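What follows is a set of notes on a single structure, which appears directly below.
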Amino acid sequence: MRRVAWNFILSSELRYVSASVSREPAMSATTFGGNLHKVVFITGTDTGVGKTVLTGLLLAHLRGAGCNAFAVKPFSAGGLRDAVLFNRLQGNELPMDLVAPFRFSEPVAPLVSLRKQHANIELQRVLEKIRLALRRSELLLVEGIGGLLVPIAKGLTVSDLIFALGCPVIVVARNHLGTINHTLLTVQVLRTMSINVLKVVLMDGAKGDGSKVTNQEVLKILLDPIEVLRLPYLGRTALKAESIKNNSKKLKKLLARCLRFK
């Protein structure tokens with residue numbers, strides 16, 4: 001795969017976050033390594049908001065443009081569908097142990113499954129898996145599970161993992177009634193932790209309500225200077241690999257904006 005210069009990852013904003021935060025995280029911030037500018041975290045305002053669709057589109061867009069990008073989902077609950085999709089899009093070039101290292105059969109918060117197993121996962125184990133995937137990548141997309149405060153282990157939430165990584169974040173939200181509140185709460189938590197919010201992406205659904213045409217403009221005003229983008233509904237086959245590849249070409253300008261730093 002040919003190599004290209006990626007201007008959107010050459011930014012001083014992507015250094016490790018060492019600023020003090022207004023709350024004490026579950027663990028102290030850990031220096032992740034020398035390649036933090038190569039990681040983008042995709043989180044959501046809730047579960048089922050479209051994180052996997054967007055991550056897949058970004059992955060296909062990057063690889064189609066010549067970037068040796070990979071996507072991983074460290075915590076998977078209720079099956080490996082998302083991880084299998086990512087690996088298909090990236091030519092099965094990463095072992096599943098790196099794409100989805102921590103897997104749980106039940107569709108519940110990982111902490112619930114861990115408690116049933118009388119087990120726990122330390123932050124350093126999670127970071128090591130991400131670090132190994134990062135070594136093979138020009139840019140690594142890390143998809144979270146659920147929203148920011150989902151407990152993924154004892155004393156560890158999704159937000160704690162993002163804080164330890166110190167990487168920029170894309171926030172994904174449903175474009176329907178209620179999303180303004182959910183999105184503002186999510187961004188507020190990230191800002192409190194001094195985490196760079198790269199973009200907010202609203203995902204249209206099959207059905208809309210009156211707020212569908214106003215949410216983007218309201219959030220643009222309330223979240224300025226964060227750019228708020230809107231992704232159209234891509235149909236029932238949106239999570240199929242071929243649909244992801246085709247739609248990534250149709251939406252290449254919008255996807256490029258998702259990864260553009262100011």
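Within each chain, counting starts at residue 1; across the structure tokens, chains are named A, B, ... in the order shown, with ligands numbered 1 upward in that order.
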
Within 7 Å of region 43-47 of chain A, which residues of region 105-149 of chain A come that close, and what is the closest atom pair and distance in Å for each? Count only C-alpha atoms and give it as JSON lines.
{"residue": "A:Glu143", "atom": "CA", "partner": "A:Thr43", "partner_atom": "CA", "distance": 6.3}
{"residue": "A:Gly144", "atom": "CA", "partner": "A:Thr43", "partner_atom": "CA", "distance": 5.2}
{"residue": "A:Gly146", "atom": "CA", "partner": "A:Thr47", "partner_atom": "CA", "distance": 4.1}
{"residue": "A:Gly147", "atom": "CA", "partner": "A:Asp46", "partner_atom": "CA", "distance": 4.7}
{"residue": "A:Leu148", "atom": "CA", "partner": "A:Thr43", "partner_atom": "CA", "distance": 6.9}

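Summary of the local environment: counting only C-alpha atoms, residues at most 8 Å from region 74-82 of chain A, other than itself and those fewer than 2 positions away along its chain, are Thr52, Val72, Val84, Leu85, Phe86, Leu98, Val99, Ala100, Pro101, Phe102, Arg103, Phe104, Ser105, Glu106, Pro107, Val108, Ala109, Pro110, Val126, Lys129, Ile130, Val142, Glu143, Gly144, Ile145 and Ile152 of chain A.
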
Output file for the selection above: N, CA and C atoms, as a short mmCIF file (atom, residue, chain, number, x, y, z; two decimals), in the first residue's frame:
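Printed below is result03.cif as written:
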data_model
loop_
_atom_site.label_atom_id
_atom_site.label_comp_id
_atom_site.auth_asym_id
_atom_site.auth_seq_id
_atom_site.Cartn_x
_atom_site.Cartn_y
_atom_site.Cartn_z
N THR A 52 -19.91 2.08 14.85
CA THR A 52 -19.27 1.09 13.99
C THR A 52 -19.39 1.47 12.52
N VAL A 72 -9.68 -1.01 15.55
CA VAL A 72 -9.82 -2.03 16.59
C VAL A 72 -10.98 -1.65 17.50
N VAL A 84 -15.24 -8.44 13.14
CA VAL A 84 -15.13 -9.17 11.88
C VAL A 84 -15.25 -8.21 10.70
N LEU A 85 -16.16 -7.24 10.80
CA LEU A 85 -16.31 -6.23 9.75
C LEU A 85 -15.01 -5.45 9.58
N PHE A 86 -14.43 -4.97 10.67
CA PHE A 86 -13.18 -4.21 10.58
C PHE A 86 -12.09 -5.04 9.92
N LEU A 98 -5.87 -8.74 18.47
CA LEU A 98 -5.59 -7.31 18.55
C LEU A 98 -6.81 -6.48 18.14
N VAL A 99 -7.60 -7.00 17.21
CA VAL A 99 -8.79 -6.26 16.77
C VAL A 99 -9.83 -6.23 17.89
N ALA A 100 -10.03 -7.35 18.56
CA ALA A 100 -11.02 -7.43 19.65
C ALA A 100 -10.44 -8.28 20.77
N PRO A 101 -9.51 -7.72 21.52
CA PRO A 101 -8.80 -8.53 22.53
C PRO A 101 -9.65 -8.94 23.74
N PHE A 102 -10.65 -8.15 24.10
CA PHE A 102 -11.44 -8.44 25.30
C PHE A 102 -12.90 -8.65 24.88
N ARG A 103 -13.31 -9.92 24.89
CA ARG A 103 -14.60 -10.30 24.30
C ARG A 103 -15.53 -10.90 25.36
N PHE A 104 -16.81 -10.53 25.24
CA PHE A 104 -17.80 -11.01 26.20
C PHE A 104 -19.05 -11.44 25.42
N SER A 105 -19.59 -12.57 25.78
CA SER A 105 -20.72 -13.12 25.02
C SER A 105 -22.02 -12.37 25.28
N GLU A 106 -22.20 -11.84 26.48
CA GLU A 106 -23.44 -11.14 26.81
C GLU A 106 -23.40 -9.69 26.35
N PRO A 107 -24.52 -9.17 25.83
CA PRO A 107 -24.58 -7.76 25.41
C PRO A 107 -24.83 -6.83 26.60
N VAL A 108 -23.88 -6.82 27.53
CA VAL A 108 -23.97 -5.97 28.71
C VAL A 108 -22.63 -5.28 28.90
N ALA A 109 -22.58 -4.33 29.83
CA ALA A 109 -21.32 -3.65 30.12
C ALA A 109 -20.26 -4.69 30.50
N PRO A 110 -19.04 -4.55 29.99
CA PRO A 110 -17.99 -5.54 30.30
C PRO A 110 -17.81 -5.81 31.79
N VAL A 126 -4.94 -3.34 28.46
CA VAL A 126 -5.67 -2.74 27.34
C VAL A 126 -4.73 -1.88 26.50
N LYS A 129 -2.38 -3.95 24.21
CA LYS A 129 -3.03 -4.47 23.00
C LYS A 129 -3.15 -3.36 21.96
N ILE A 130 -3.53 -2.16 22.39
CA ILE A 130 -3.65 -1.05 21.45
C ILE A 130 -2.27 -0.68 20.90
N VAL A 142 -9.77 3.63 17.11
CA VAL A 142 -10.17 2.82 18.26
C VAL A 142 -11.63 3.11 18.56
N GLU A 143 -12.49 2.09 18.40
CA GLU A 143 -13.91 2.28 18.69
C GLU A 143 -14.20 1.88 20.13
N GLY A 144 -14.91 2.74 20.83
CA GLY A 144 -15.29 2.45 22.20
C GLY A 144 -16.52 1.56 22.25
N ILE A 145 -17.03 1.37 23.45
CA ILE A 145 -18.24 0.57 23.66
C ILE A 145 -19.24 1.42 24.42
N ILE A 152 -15.92 -0.59 32.01
CA ILE A 152 -15.32 -1.70 31.24
C ILE A 152 -14.50 -2.64 32.13
#

Env of Asp224 (chain A): 12 Å cut, atoms = only C-alpha atoms, seq-sep filter 5 positions within chain, self excluded. Answer as a compact mmCIF listing (two decimals) with all heavy atoms, in the first residue's frame.
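That gives us around-v8.txt:
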# COMPACT_ATOMS: atom_id res chain seq x y z
N LEU A 184 -24.25 17.32 24.34
CA LEU A 184 -23.63 18.34 25.19
C LEU A 184 -23.02 17.72 26.44
O LEU A 184 -21.93 18.10 26.88
CB LEU A 184 -24.66 19.40 25.57
CG LEU A 184 -25.15 20.31 24.45
CD1 LEU A 184 -26.24 21.26 24.97
CD2 LEU A 184 -24.02 21.09 23.83
N VAL A 187 -19.72 15.87 25.39
CA VAL A 187 -18.64 16.81 25.08
C VAL A 187 -18.16 17.51 26.34
O VAL A 187 -16.96 17.76 26.52
CB VAL A 187 -19.08 17.83 24.01
CG1 VAL A 187 -18.04 18.92 23.83
CG2 VAL A 187 -19.34 17.12 22.69
N VAL A 197 -11.79 17.25 21.36
CA VAL A 197 -12.91 16.73 20.58
C VAL A 197 -12.71 17.16 19.13
O VAL A 197 -12.81 18.34 18.80
CB VAL A 197 -14.26 17.24 21.11
CG1 VAL A 197 -15.41 16.67 20.28
CG2 VAL A 197 -14.43 16.86 22.58
N LEU A 198 -12.40 16.20 18.30
CA LEU A 198 -12.08 16.47 16.90
C LEU A 198 -13.31 16.91 16.12
O LEU A 198 -13.33 17.94 15.44
CB LEU A 198 -11.45 15.22 16.28
CG LEU A 198 -10.90 15.32 14.88
CD1 LEU A 198 -9.87 16.44 14.79
CD2 LEU A 198 -10.28 13.98 14.49
N LYS A 199 -14.38 16.10 16.20
CA LYS A 199 -15.63 16.40 15.51
C LYS A 199 -16.79 15.76 16.27
O LYS A 199 -16.60 14.80 17.02
CB LYS A 199 -15.62 15.83 14.07
CG LYS A 199 -14.61 16.47 13.13
CD LYS A 199 -15.00 17.87 12.73
CE LYS A 199 -14.07 18.44 11.66
NZ LYS A 199 -12.68 18.59 12.08
N VAL A 200 -17.98 16.27 16.02
CA VAL A 200 -19.22 15.61 16.42
C VAL A 200 -19.94 15.21 15.14
O VAL A 200 -20.07 16.03 14.22
CB VAL A 200 -20.12 16.54 17.27
CG1 VAL A 200 -21.52 15.94 17.44
CG2 VAL A 200 -19.48 16.80 18.64
N GLN A 216 -28.36 19.87 14.07
CA GLN A 216 -27.00 20.22 13.64
C GLN A 216 -26.71 21.70 13.86
O GLN A 216 -25.67 22.07 14.41
CB GLN A 216 -26.79 19.86 12.17
CG GLN A 216 -25.37 20.13 11.68
CD GLN A 216 -25.18 19.77 10.21
OE1 GLN A 216 -26.15 19.70 9.44
NE2 GLN A 216 -23.95 19.53 9.81
N GLU A 217 -27.64 22.57 13.47
CA GLU A 217 -27.40 24.00 13.60
C GLU A 217 -27.35 24.44 15.06
O GLU A 217 -26.53 25.27 15.45
CB GLU A 217 -28.49 24.79 12.85
CG GLU A 217 -28.39 24.68 11.35
CD GLU A 217 -27.02 25.10 10.82
OE1 GLU A 217 -26.50 26.15 11.26
OE2 GLU A 217 -26.45 24.37 9.99
N VAL A 218 -28.22 23.86 15.88
CA VAL A 218 -28.21 24.21 17.31
C VAL A 218 -26.90 23.77 17.95
O VAL A 218 -26.27 24.54 18.70
CB VAL A 218 -29.41 23.56 18.03
CG1 VAL A 218 -29.29 23.76 19.54
CG2 VAL A 218 -30.72 24.13 17.51
N LEU A 219 -26.45 22.55 17.64
CA LEU A 219 -25.20 22.06 18.23
C LEU A 219 -23.99 22.84 17.72
O LEU A 219 -23.01 23.03 18.45
CB LEU A 219 -25.05 20.57 17.95
CG LEU A 219 -25.95 19.66 18.80
CD1 LEU A 219 -25.91 18.23 18.30
CD2 LEU A 219 -25.53 19.71 20.28

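Of the listed residues (A:Gly66, A:Gly205, A:Pro232, A:Pro225), A:Gly66 comes nearest to Leu139 (chain A); the distances count only C-alpha atoms.
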
If you run DSSP on the backbone here, which positions in region 21-215 of chain A get strand (DSSP E)? Please write them as a PDB file with C-alpha atoms, in the first residue's frame.
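Writing done, so here's selection18.pdb:
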ATOM      1  CA  VAL A  39      -4.644   7.357  17.244  1.00  0.00           C
ATOM      2  CA  VAL A  40      -8.239   8.602  16.922  1.00  0.00           C
ATOM      3  CA  PHE A  41     -10.900   7.352  19.349  1.00  0.00           C
ATOM      4  CA  ILE A  42     -14.538   7.017  18.225  1.00  0.00           C
ATOM      5  CA  THR A  43     -16.993   7.259  21.105  1.00  0.00           C
ATOM      6  CA  GLY A  44     -20.754   7.711  21.245  1.00  0.00           C
ATOM      7  CA  ALA A  69      -4.924   2.455   8.663  1.00  0.00           C
ATOM      8  CA  PHE A  70      -6.433  -0.111  11.008  1.00  0.00           C
ATOM      9  CA  ALA A  71      -9.477  -0.195  13.289  1.00  0.00           C
ATOM     10  CA  VAL A  72      -9.817  -2.028  16.593  1.00  0.00           C
ATOM     11  CA  PHE A  75     -14.040  -4.341  24.235  1.00  0.00           C
ATOM     12  CA  SER A  76     -16.705  -6.348  22.408  1.00  0.00           C
ATOM     13  CA  ALA A  77     -19.919  -7.479  24.083  1.00  0.00           C
ATOM     14  CA  PHE A 102     -11.443  -8.439  25.304  1.00  0.00           C
ATOM     15  CA  ARG A 103     -14.605 -10.304  24.302  1.00  0.00           C
ATOM     16  CA  PHE A 104     -17.804 -11.008  26.196  1.00  0.00           C
ATOM     17  CA  LEU A 139      -3.322   5.699  11.795  1.00  0.00           C
ATOM     18  CA  LEU A 140      -5.274   3.602  14.281  1.00  0.00           C
ATOM     19  CA  LEU A 141      -9.020   4.018  14.835  1.00  0.00           C
ATOM     20  CA  VAL A 142     -10.168   2.820  18.260  1.00  0.00           C
ATOM     21  CA  GLU A 143     -13.909   2.279  18.693  1.00  0.00           C
ATOM     22  CA  PRO A 151     -17.739   0.570  33.103  1.00  0.00           C
ATOM     23  CA  ILE A 152     -15.325  -1.700  31.245  1.00  0.00           C
ATOM     24  CA  ALA A 153     -13.524  -3.058  34.322  1.00  0.00           C
ATOM     25  CA  LEU A 156     -12.156   1.779  34.662  1.00  0.00           C
ATOM     26  CA  THR A 157     -14.558   3.485  32.255  1.00  0.00           C
ATOM     27  CA  VAL A 169     -11.987  11.937  19.928  1.00  0.00           C
ATOM     28  CA  ILE A 170     -14.837  11.845  17.431  1.00  0.00           C
ATOM     29  CA  VAL A 171     -18.246  11.872  19.139  1.00  0.00           C
ATOM     30  CA  VAL A 172     -21.057  10.012  17.358  1.00  0.00           C
ATOM     31  CA  ALA A 173     -24.717  10.766  18.148  1.00  0.00           C
ATOM     32  CA  ARG A 174     -28.155   9.850  16.829  1.00  0.00           C
ATOM     33  CA  VAL A 197     -12.909  16.725  20.580  1.00  0.00           C
ATOM     34  CA  LEU A 198     -12.083  16.472  16.903  1.00  0.00           C
ATOM     35  CA  LYS A 199     -15.630  16.400  15.505  1.00  0.00           C
ATOM     36  CA  VAL A 200     -19.224  15.610  16.422  1.00  0.00           C
ATOM     37  CA  VAL A 201     -21.037  13.466  13.851  1.00  0.00           C
ATOM     38  CA  LEU A 202     -24.825  13.175  13.800  1.00  0.00           C
ATOM     39  CA  MET A 203     -26.097   9.934  12.261  1.00  0.00           C
TER      40      MET A 203
END

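CA of His61 (chain A) lies 26.2 Å from CA of Leu223 (chain A).
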
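Across the model, the gap from CA of Ala206 (chain A) to CA of Thr186 (chain A) is 23.8 Å.
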
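With CA of Glu93 (chain A) on one side and CA of Asn68 (chain A) on the other, the separation reads 10.5 Å.
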
I need the residues of region 95-259 of chain A that end up classed as alpha helix (DSSP H) by DSSP on the backbone, written out as a PyMOL selection string. chain A and resi 96-99+110-116+123-134+158-165+179-192+215-223+241-250+252-258

Write out as a list in words which residues come within 9 Å of Asp209 (chain A) when counting only C-alpha atoms, dropping same-chain ones fewer than 3 positions away. Asn175, His176, Leu177, Lys212 and Val213 of chain A

Same residues, C-alpha atoms, output as an mmCIF file, in the first residue's frame:
data_model
loop_
_atom_site.group_PDB
_atom_site.id
_atom_site.type_symbol
_atom_site.label_atom_id
_atom_site.label_comp_id
_atom_site.auth_asym_id
_atom_site.auth_seq_id
_atom_site.Cartn_x
_atom_site.Cartn_y
_atom_site.Cartn_z
ATOM 1 C CA ASN A 175 -29.829 12.656 14.936
ATOM 2 C CA HIS A 176 -33.178 12.652 16.706
ATOM 3 C CA LEU A 177 -35.030 14.274 19.596
ATOM 4 C CA LYS A 212 -33.705 16.122 12.591
ATOM 5 C CA VAL A 213 -33.367 19.331 10.575
#

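Considering the residues A:Leu190, A:Val150, A:Leu229, A:Val112 and counting only C-alpha atoms, Leu259 (chain A) has its shortest atom-to-atom contact with A:Leu229.
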